[in-house]
$ cat coords.cif   # mmCIF, C-alpha atoms
data_data
#
loop_
_atom_site.label_atom_id
_atom_site.label_comp_id
_atom_site.auth_asym_id
_atom_site.auth_seq_id
_atom_site.Cartn_x
_atom_site.Cartn_y
_atom_site.Cartn_z
CA MET A 1 -22.84 -14.02 11.82
CA ALA A 2 -19.73 -15.84 13.02
CA PRO A 3 -18.31 -18.51 12.68
CA LEU A 4 -15.64 -17.06 10.46
CA GLN A 5 -15.26 -18.82 7.12
CA VAL A 6 -12.17 -16.91 5.95
CA ILE A 7 -9.29 -15.53 8.04
CA GLY A 8 -6.56 -13.28 6.67
CA ALA A 9 -3.06 -14.03 7.92
CA GLY A 10 -1.31 -11.12 6.23
CA PHE A 11 -0.19 -7.97 8.01
CA GLY A 12 -1.77 -4.64 7.16
CA ARG A 13 -0.49 -2.92 3.99
CA THR A 14 -0.15 -6.24 2.14
CA GLY A 15 -3.30 -5.85 0.07
CA THR A 16 -5.73 -6.58 2.89
CA ASP A 17 -8.22 -3.91 1.82
CA SER A 18 -8.23 -5.22 -1.74
CA LEU A 19 -8.84 -8.69 -0.31
CA ARG A 20 -11.60 -7.35 1.95
CA THR A 21 -13.29 -5.71 -1.03
CA ALA A 22 -12.98 -8.88 -3.09
CA LEU A 23 -14.43 -11.05 -0.32
CA ASN A 24 -17.35 -8.65 0.09
CA MET A 25 -17.97 -8.84 -3.65
CA LEU A 26 -18.08 -12.64 -3.36
CA GLY A 27 -20.82 -12.42 -0.75
CA TYR A 28 -18.85 -12.49 2.49
CA ARG A 29 -19.06 -9.84 5.19
CA CYS A 30 -15.42 -9.11 5.88
CA HIS A 31 -13.98 -7.50 9.01
CA HIS A 32 -11.03 -5.12 8.51
CA MET A 33 -9.44 -2.26 10.43
CA LYS A 34 -11.68 0.13 8.49
CA GLU A 35 -14.72 -1.51 10.08
CA MET A 36 -13.33 -0.46 13.46
CA MET A 37 -13.94 3.20 12.58
CA VAL A 38 -17.66 3.05 13.34
CA PRO A 39 -19.37 2.51 16.71
CA GLY A 40 -20.03 -0.94 18.09
CA ARG A 41 -17.03 -2.84 16.75
CA TYR A 42 -15.53 -3.86 20.10
CA PRO A 43 -12.12 -2.10 19.97
CA LEU A 44 -11.66 -2.31 23.72
CA GLU A 45 -12.59 -6.00 23.69
CA PHE A 46 -9.87 -6.61 21.09
CA ARG A 47 -7.43 -4.68 23.26
CA ASP A 48 -8.40 -6.64 26.35
CA ALA A 49 -7.96 -9.93 24.47
CA TYR A 50 -4.45 -8.86 23.50
CA LEU A 51 -3.45 -7.70 26.98
CA HIS A 52 -4.99 -10.71 28.74
CA PRO A 53 -4.56 -13.79 26.54
CA GLU A 54 -5.21 -16.00 29.55
CA LYS A 55 -8.82 -14.83 29.63
CA GLU A 56 -11.48 -16.41 27.44
CA THR A 57 -12.59 -14.11 24.62
CA ASP A 58 -16.05 -14.22 23.10
CA TRP A 59 -14.96 -14.19 19.45
CA ASP A 60 -18.48 -14.98 18.24
CA MET A 61 -19.65 -11.74 19.85
CA ILE A 62 -16.78 -9.70 18.44
CA TYR A 63 -17.40 -11.03 14.92
CA ASP A 64 -21.17 -11.15 15.27
CA ASP A 65 -21.66 -9.17 12.05
CA PHE A 66 -19.01 -10.91 9.95
CA ASP A 67 -18.05 -14.26 8.45
CA ALA A 68 -14.57 -13.24 7.26
CA ALA A 69 -11.77 -11.22 8.85
CA VAL A 70 -8.55 -9.77 7.44
CA ASP A 71 -5.99 -7.13 8.48
CA TRP A 72 -5.21 -5.96 11.99
CA PRO A 73 -6.46 -6.40 14.65
CA SER A 74 -7.58 -9.88 13.55
CA THR A 75 -4.14 -10.93 12.27
CA SER A 76 -2.70 -10.49 15.77
CA PHE A 77 -5.05 -13.26 16.94
CA LEU A 78 -4.36 -15.65 14.07
CA LYS A 79 -3.56 -18.70 16.20
CA GLN A 80 -6.59 -18.21 18.45
CA LEU A 81 -8.93 -17.69 15.50
CA MET A 82 -7.58 -20.71 13.65
CA ASP A 83 -8.31 -22.86 16.70
CA LYS A 84 -11.70 -21.26 17.32
CA TYR A 85 -12.83 -21.67 13.70
CA PRO A 86 -11.15 -24.89 12.46
CA GLU A 87 -13.15 -24.95 9.22
CA ALA A 88 -12.06 -21.45 8.20
CA LYS A 89 -9.77 -21.05 5.22
CA ILE A 90 -6.64 -18.95 5.74
CA ILE A 91 -5.34 -16.43 3.20
CA LEU A 92 -1.83 -15.03 3.57
CA THR A 93 -1.35 -11.84 1.56
CA GLU A 94 2.36 -11.51 0.93
CA ARG A 95 4.21 -8.41 -0.24
CA ASP A 96 7.86 -7.71 -0.96
CA ALA A 97 9.33 -6.84 2.44
CA GLU A 98 11.04 -3.63 1.36
CA SER A 99 7.94 -2.34 -0.42
CA TRP A 100 5.84 -3.25 2.63
CA TYR A 101 8.21 -1.42 5.00
CA LYS A 102 8.05 1.72 2.89
CA SER A 103 4.25 1.58 2.88
CA ILE A 104 3.99 1.00 6.64
CA TYR A 105 6.50 3.73 7.41
CA ASN A 106 4.76 6.29 5.23
CA THR A 107 1.22 5.54 6.43
CA ILE A 108 0.49 3.76 9.72
CA TYR A 109 3.68 4.96 11.42
CA GLN A 110 2.86 8.59 10.59
CA PHE A 111 -0.68 8.62 11.97
CA PRO A 112 0.26 9.02 15.68
CA LYS A 113 2.65 11.83 14.76
CA ASN A 114 -0.20 13.76 13.16
CA ASN A 115 -2.12 13.80 16.45
CA LEU A 116 -5.42 13.24 14.67
CA VAL A 117 -7.30 11.93 17.69
CA THR A 118 -7.89 15.18 19.54
CA ASP A 119 -10.29 15.85 22.39
CA ASP A 120 -13.16 16.49 20.00
CA ALA A 121 -12.71 13.22 18.09
CA PRO A 122 -15.60 10.73 18.21
CA GLN A 123 -15.30 8.26 21.08
CA GLU A 124 -15.12 5.32 18.68
CA MET A 125 -11.99 6.85 17.11
CA LYS A 126 -10.39 7.34 20.52
CA ASP A 127 -11.13 3.73 21.41
CA MET A 128 -9.89 2.49 18.04
CA MET A 129 -6.61 4.38 18.34
CA LYS A 130 -6.10 3.07 21.86
CA MET A 131 -6.58 -0.44 20.48
CA CYS A 132 -4.25 0.27 17.53
CA LYS A 133 -1.50 1.55 19.78
CA THR A 134 -1.68 -1.55 21.96
CA ILE A 135 -2.04 -4.21 19.27
CA VAL A 136 -0.24 -2.73 16.26
CA LEU A 137 2.25 -0.02 17.23
CA ASP A 138 3.24 -1.39 20.64
CA GLY A 139 2.36 -5.01 19.90
CA ALA A 140 3.22 -6.01 16.34
CA PHE A 141 6.03 -3.46 16.17
CA GLY A 142 7.57 -4.23 19.50
CA ASP A 143 6.93 -1.33 21.93
CA LYS A 144 10.48 -0.07 21.53
CA PRO A 145 11.25 3.60 20.86
CA GLY A 146 12.60 4.02 17.36
CA LEU A 147 12.01 0.42 16.30
CA MET A 148 10.11 1.51 13.19
CA GLU A 149 13.26 3.37 12.14
CA ASP A 150 15.11 0.03 12.06
CA LYS A 151 14.22 -1.08 8.56
CA GLU A 152 16.05 -4.41 8.71
CA LYS A 153 14.36 -5.51 11.95
CA ILE A 154 10.90 -4.58 10.71
CA MET A 155 11.46 -6.37 7.41
CA ALA A 156 12.72 -9.43 9.28
CA MET A 157 9.56 -9.37 11.39
CA ILE A 158 7.18 -9.78 8.45
CA LEU A 159 9.41 -12.39 6.81
CA GLU A 160 9.40 -14.38 10.05
CA HIS A 161 5.61 -14.10 10.34
CA ASN A 162 5.07 -15.26 6.76
CA ALA A 163 7.48 -18.17 7.24
CA TRP A 164 5.58 -19.23 10.37
CA CYS A 165 2.31 -19.22 8.46
CA LYS A 166 3.69 -21.38 5.67
CA ALA A 167 5.28 -23.82 8.10
CA ASN A 168 2.39 -24.18 10.54
CA ILE A 169 -0.87 -23.75 8.64
CA PRO A 170 -1.98 -26.96 6.91
CA ALA A 171 -1.56 -26.66 3.15
CA GLU A 172 -5.21 -27.52 2.51
CA ARG A 173 -6.30 -24.53 4.63
CA LEU A 174 -3.80 -21.99 3.28
CA LEU A 175 -3.72 -19.81 0.18
CA VAL A 176 -0.70 -17.55 -0.31
CA LEU A 177 -1.57 -14.51 -2.41
CA GLN A 178 1.23 -12.32 -3.71
CA THR A 179 -0.07 -8.77 -3.44
CA ALA A 180 1.09 -7.81 -6.92
CA GLU A 181 -0.57 -10.89 -8.43
CA MET A 182 -3.93 -11.00 -6.64
CA SER A 183 -6.72 -12.09 -8.98
CA TRP A 184 -10.09 -13.79 -9.10
CA GLU A 185 -8.40 -16.74 -10.80
CA THR A 186 -6.24 -17.43 -7.74
CA LEU A 187 -8.80 -16.55 -5.06
CA CYS A 188 -12.08 -18.03 -6.26
CA PRO A 189 -11.08 -21.70 -6.77
CA PHE A 190 -9.66 -21.79 -3.24
CA LEU A 191 -12.97 -20.53 -1.85
CA GLY A 192 -15.16 -22.59 -4.17
CA LYS A 193 -16.66 -19.44 -5.69
CA ASP A 194 -17.48 -18.56 -9.28
CA ILE A 195 -15.20 -16.00 -10.90
CA PRO A 196 -16.97 -12.61 -11.21
CA ASN A 197 -17.07 -10.90 -14.57
CA VAL A 198 -15.55 -7.69 -13.18
CA PRO A 199 -11.95 -6.58 -12.56
CA PHE A 200 -10.31 -7.61 -9.29
CA PRO A 201 -10.45 -4.64 -6.87
CA ARG A 202 -7.41 -2.57 -5.95
CA ALA A 203 -8.05 -0.57 -2.79
CA ASN A 204 -6.45 1.63 -0.13
CA SER A 205 -3.22 2.80 -1.74
CA SER A 206 -0.76 4.74 0.41
CA GLY A 207 -2.02 7.89 -1.30
CA ASP A 208 -5.62 7.09 -0.35
CA MET A 209 -4.68 6.49 3.27
CA ASN A 210 -2.59 9.63 3.56
CA SER A 211 -5.35 11.67 1.92
CA LEU A 212 -7.74 10.49 4.63
CA GLY A 213 -5.34 11.62 7.34
CA ALA A 214 -4.62 14.93 5.62
CA THR A 215 -8.32 15.74 5.32
CA ILE A 216 -8.89 15.19 9.03
CA ALA A 217 -5.75 17.12 9.95
CA LYS A 218 -6.95 20.05 7.84
CA ASN A 219 -10.62 20.10 8.84
CA GLY A 220 -10.49 18.79 12.39
CA TRP A 221 -13.34 16.62 13.62
CA ASN A 222 -16.14 18.43 11.86
CA GLU A 223 -19.18 16.78 10.31
CA GLU A 224 -17.34 16.17 7.04
CA SER A 225 -14.50 14.35 8.81
CA VAL A 226 -16.89 12.12 10.74
CA LYS A 227 -18.76 11.24 7.54
CA LEU A 228 -15.46 10.48 5.81
CA ILE A 229 -14.38 8.14 8.59
CA ASN A 230 -17.75 6.40 8.73
CA SER A 231 -17.67 5.89 4.96
CA GLN A 232 -14.60 3.67 5.32
CA ALA A 233 -16.74 0.85 6.74
CA ALA A 234 -18.53 -1.38 4.25
CA PHE A 235 -21.04 -2.47 6.90
CA PRO A 236 -22.03 0.44 9.18
CA ARG A 237 -23.60 -0.91 12.30
CA ASN A 238 -27.28 -0.27 12.96
CA LYS A 239 -27.39 -1.37 16.59
#
$ encode --input "coords.cif" --output "structure tokens"
Amino acid sequence: MAPLQVIGAGFGRTGTDSLRTALNMLGYRCHHMKEMMVPGRYPLEFRDAYLHPEKETDWDMIYDDFDAAVDWPSTSFLKQLMDKYPEAKIILTERDAESWYKSIYNTIYQFPKNNLVTDDAPQEMKDMMKMCKTIVLDGAFGDKPGLMEDKEKIMAMILEHNAWCKANIPAERLLVLQTAEMSWETLCPFLGKDIPNVPFPRANSSGDMNSLGATIAKNGWNEESVKLINSQAAFPRNK
């Protein structure tokens, strides 16, 4: 389905799942980390692209089922995707740095500690977590023991990223969405879409994410856990 028409520039936990849901409601097919939880979403290809930026990556293959992409891992390839898809519009979801740090620390940072990906986990989850460790935990957060405990450095990281986006992405391509103020009225005119007559979605709170992890930790990788993980994807793959 590529080329991508919309690319999210915001880090995870800045409202990316709400944006994904909104884009899907507007008729896009939006890639998000949750889509990586089902088979056939190329987690190892993402990882290889991150480890070997000198190699050519087949982005059209990776996004073959999508025309929009937000959240990690896509955000880590923002520059490459902007160049690959020059007509794509860019949306930066921006959240107060301290609130973002608290959310990251209490969700994503805790997942590896819970040791959810055990030997009996589905292979796609093992591959996804390998990709996440490389691109997000070791990549975006610096591959330094204890770095996530350094609140000021992590907050400075997202502020620096957001400043880069605002300084380097042409104004006509960029929409900055404050997480607390996301609405159809700000999103739809930028995309040239009619405003839906339904509330703007609010998705994937910290409580929702931790509940997912707690359920798997409690039940292990039984049939219920696998169904729960697969349900996170809006577009389960049929091939």
$ resolve_selection --input "coords.cif" --expression "the PyMOL selection byres ((chain A and resi 85) around 12)" --output "PyMOL selection string"
chain A and resi 2-7+59-60+63+67-69+77-84+86-90+173
$ residues_around --input "coords.cif" --residues "region 154-164 of chain A" --least-positions-apart "6" --cutoff "10 Å" --atoms "only C-alpha atoms" --output "list in words"
Ala9, Gly10, Phe11, Leu92, Thr93, Glu94, Arg95, Asp96, Ala97, Glu98, Ser99, Trp100, Tyr101, Lys102, Ile104, Tyr105, Ala140, Phe141, Gly142, Leu147, Met148 and Val176 of chain A
$ closest_atom_pairs --input "coords.cif" --of "region 70-131 of chain A" --to "region 226-230 of chain A" --cutoff "12 Å" --atoms "only C-alpha atoms" --output "Markdown table"
| residue | atom | partner | partner_atom | distance |
| --- | --- | --- | --- | --- |
| A:Leu116 | CA | A:Ile229 | CA | 12.0 |
| A:Val117 | CA | A:Val226 | CA | 11.8 |
| A:Asp120 | CA | A:Val226 | CA | 10.9 |
| A:Ala121 | CA | A:Val226 | CA | 8.5 |
| A:Pro122 | CA | A:Val226 | CA | 7.7 |
| A:Gln123 | CA | A:Val226 | CA | 11.2 |
| A:Glu124 | CA | A:Asn230 | CA | 10.3 |
| A:Met125 | CA | A:Ile229 | CA | 8.9 |
| A:Met128 | CA | A:Ile229 | CA | 11.9 |
$ atom_distance --input "coords.cif" --atom1 "CA of Gly27 (chain A)" --atom2 "CA of Cys132 (chain A)"
27.7 Å
$ resolve_selection --input "coords.cif" --expression "the PyMOL selection byres ((chain A and resi 51) around 12)" --output "ChimeraX atom specification"
/A:44-50,52-57,76-77,131,133-135,138-139
$ resolve_selection --input "coords.cif" --expression "the PyMOL selection byres ((chain A and resi 201) around 8)" --output "list of chain:residue names"
A:Ser18, A:Leu19, A:Thr21, A:Ala22, A:Pro199, A:Phe200, A:Arg202, A:Ala203
$ build_atoms --input "coords.cif" --residues "region 57-88 of chain A" --atoms "N, CA and C atoms" --output "PDB file, in the frame of the given file"
ATOM      1  N   THR A  57     -12.014 -15.196  25.424  1.00  0.00           N
ATOM      2  CA  THR A  57     -12.590 -14.110  24.620  1.00  0.00           C
ATOM      3  C   THR A  57     -13.787 -14.621  23.845  1.00  0.00           C
ATOM      4  N   ASP A  58     -14.841 -13.845  23.830  1.00  0.00           N
ATOM      5  CA  ASP A  58     -16.050 -14.220  23.100  1.00  0.00           C
ATOM      6  C   ASP A  58     -15.909 -13.760  21.644  1.00  0.00           C
ATOM      7  N   TRP A  59     -15.203 -14.561  20.844  1.00  0.00           N
ATOM      8  CA  TRP A  59     -14.960 -14.190  19.450  1.00  0.00           C
ATOM      9  C   TRP A  59     -16.252 -14.153  18.644  1.00  0.00           C
ATOM     10  N   ASP A  60     -17.199 -15.008  18.970  1.00  0.00           N
ATOM     11  CA  ASP A  60     -18.480 -14.980  18.240  1.00  0.00           C
ATOM     12  C   ASP A  60     -19.185 -13.643  18.434  1.00  0.00           C
ATOM     13  N   MET A  61     -19.062 -13.061  19.613  1.00  0.00           N
ATOM     14  CA  MET A  61     -19.650 -11.740  19.850  1.00  0.00           C
ATOM     15  C   MET A  61     -18.900 -10.671  19.055  1.00  0.00           C
ATOM     16  N   ILE A  62     -17.587 -10.708  19.108  1.00  0.00           N
ATOM     17  CA  ILE A  62     -16.780  -9.700  18.440  1.00  0.00           C
ATOM     18  C   ILE A  62     -17.017  -9.706  16.927  1.00  0.00           C
ATOM     19  N   TYR A  63     -17.179 -10.906  16.368  1.00  0.00           N
ATOM     20  CA  TYR A  63     -17.400 -11.030  14.920  1.00  0.00           C
ATOM     21  C   TYR A  63     -18.864 -11.308  14.598  1.00  0.00           C
ATOM     22  N   ASP A  64     -19.758 -10.790  15.424  1.00  0.00           N
ATOM     23  CA  ASP A  64     -21.170 -11.150  15.270  1.00  0.00           C
ATOM     24  C   ASP A  64     -21.780 -10.662  13.964  1.00  0.00           C
ATOM     25  N   ASP A  65     -21.123  -9.726  13.293  1.00  0.00           N
ATOM     26  CA  ASP A  65     -21.660  -9.170  12.050  1.00  0.00           C
ATOM     27  C   ASP A  65     -20.861  -9.598  10.825  1.00  0.00           C
ATOM     28  N   PHE A  66     -19.948 -10.564  11.005  1.00  0.00           N
ATOM     29  CA  PHE A  66     -19.010 -10.910   9.950  1.00  0.00           C
ATOM     30  C   PHE A  66     -18.829 -12.424   9.831  1.00  0.00           C
ATOM     31  N   ASP A  67     -18.437 -12.861   8.631  1.00  0.00           N
ATOM     32  CA  ASP A  67     -18.050 -14.260   8.450  1.00  0.00           C
ATOM     33  C   ASP A  67     -16.673 -14.377   7.798  1.00  0.00           C
ATOM     34  N   ALA A  68     -15.951 -13.257   7.726  1.00  0.00           N
ATOM     35  CA  ALA A  68     -14.570 -13.240   7.260  1.00  0.00           C
ATOM     36  C   ALA A  68     -13.849 -12.117   7.998  1.00  0.00           C
ATOM     37  N   ALA A  69     -12.535 -12.241   8.140  1.00  0.00           N
ATOM     38  CA  ALA A  69     -11.770 -11.220   8.850  1.00  0.00           C
ATOM     39  C   ALA A  69     -10.353 -11.165   8.300  1.00  0.00           C
ATOM     40  N   VAL A  70      -9.910  -9.968   7.917  1.00  0.00           N
ATOM     41  CA  VAL A  70      -8.550  -9.770   7.440  1.00  0.00           C
ATOM     42  C   VAL A  70      -7.974  -8.525   8.111  1.00  0.00           C
ATOM     43  N   ASP A  71      -6.665  -8.333   7.985  1.00  0.00           N
ATOM     44  CA  ASP A  71      -5.990  -7.130   8.480  1.00  0.00           C
ATOM     45  C   ASP A  71      -5.904  -7.153  10.010  1.00  0.00           C
ATOM     46  N   TRP A  72      -5.164  -6.190  10.546  1.00  0.00           N
ATOM     47  CA  TRP A  72      -5.210  -5.960  11.990  1.00  0.00           C
ATOM     48  C   TRP A  72      -6.582  -5.401  12.370  1.00  0.00           C
ATOM     49  N   PRO A  73      -7.081  -5.655  13.560  1.00  0.00           N
ATOM     50  CA  PRO A  73      -6.460  -6.400  14.650  1.00  0.00           C
ATOM     51  C   PRO A  73      -6.548  -7.917  14.536  1.00  0.00           C
ATOM     52  N   SER A  74      -7.339  -8.434  13.597  1.00  0.00           N
ATOM     53  CA  SER A  74      -7.580  -9.880  13.550  1.00  0.00           C
ATOM     54  C   SER A  74      -6.297 -10.683  13.386  1.00  0.00           C
ATOM     55  N   THR A  75      -5.372 -10.188  12.543  1.00  0.00           N
ATOM     56  CA  THR A  75      -4.140 -10.930  12.270  1.00  0.00           C
ATOM     57  C   THR A  75      -3.341 -11.190  13.542  1.00  0.00           C
ATOM     58  N   SER A  76      -3.438 -10.298  14.513  1.00  0.00           N
ATOM     59  CA  SER A  76      -2.700 -10.490  15.770  1.00  0.00           C
ATOM     60  C   SER A  76      -3.253 -11.647  16.592  1.00  0.00           C
ATOM     61  N   PHE A  77      -4.422 -12.147  16.228  1.00  0.00           N
ATOM     62  CA  PHE A  77      -5.050 -13.260  16.940  1.00  0.00           C
ATOM     63  C   PHE A  77      -5.168 -14.490  16.038  1.00  0.00           C
ATOM     64  N   LEU A  78      -4.262 -14.594  15.076  1.00  0.00           N
ATOM     65  CA  LEU A  78      -4.360 -15.650  14.070  1.00  0.00           C
ATOM     66  C   LEU A  78      -4.448 -17.041  14.685  1.00  0.00           C
ATOM     67  N   LYS A  79      -3.567 -17.347  15.614  1.00  0.00           N
ATOM     68  CA  LYS A  79      -3.560 -18.700  16.200  1.00  0.00           C
ATOM     69  C   LYS A  79      -4.877 -18.975  16.929  1.00  0.00           C
ATOM     70  N   GLN A  80      -5.333 -18.012  17.714  1.00  0.00           N
ATOM     71  CA  GLN A  80      -6.590 -18.210  18.450  1.00  0.00           C
ATOM     72  C   GLN A  80      -7.764 -18.404  17.497  1.00  0.00           C
ATOM     73  N   LEU A  81      -7.812 -17.606  16.437  1.00  0.00           N
ATOM     74  CA  LEU A  81      -8.930 -17.690  15.500  1.00  0.00           C
ATOM     75  C   LEU A  81      -8.890 -18.981  14.696  1.00  0.00           C
ATOM     76  N   MET A  82      -7.701 -19.434  14.349  1.00  0.00           N
ATOM     77  CA  MET A  82      -7.580 -20.710  13.650  1.00  0.00           C
ATOM     78  C   MET A  82      -8.113 -21.855  14.493  1.00  0.00           C
ATOM     79  N   ASP A  83      -7.825 -21.813  15.788  1.00  0.00           N
ATOM     80  CA  ASP A  83      -8.310 -22.860  16.700  1.00  0.00           C
ATOM     81  C   ASP A  83      -9.815 -22.731  16.929  1.00  0.00           C
ATOM     82  N   LYS A  84     -10.280 -21.502  17.060  1.00  0.00           N
ATOM     83  CA  LYS A  84     -11.700 -21.260  17.320  1.00  0.00           C
ATOM     84  C   LYS A  84     -12.555 -21.663  16.131  1.00  0.00           C
ATOM     85  N   TYR A  85     -12.057 -21.405  14.926  1.00  0.00           N
ATOM     86  CA  TYR A  85     -12.830 -21.670  13.700  1.00  0.00           C
ATOM     87  C   TYR A  85     -12.038 -22.633  12.806  1.00  0.00           C
ATOM     88  N   PRO A  86     -12.012 -23.918  13.157  1.00  0.00           N
ATOM     89  CA  PRO A  86     -11.150 -24.890  12.460  1.00  0.00           C
ATOM     90  C   PRO A  86     -11.538 -25.138  11.008  1.00  0.00           C
ATOM     91  N   GLU A  87     -12.735 -24.758  10.617  1.00  0.00           N
ATOM     92  CA  GLU A  87     -13.150 -24.950   9.220  1.00  0.00           C
ATOM     93  C   GLU A  87     -12.795 -23.743   8.353  1.00  0.00           C
ATOM     94  N   ALA A  88     -12.349 -22.672   8.965  1.00  0.00           N
ATOM     95  CA  ALA A  88     -12.060 -21.450   8.200  1.00  0.00           C
ATOM     96  C   ALA A  88     -10.844 -21.640   7.308  1.00  0.00           C
TER      97      ALA A  88
END
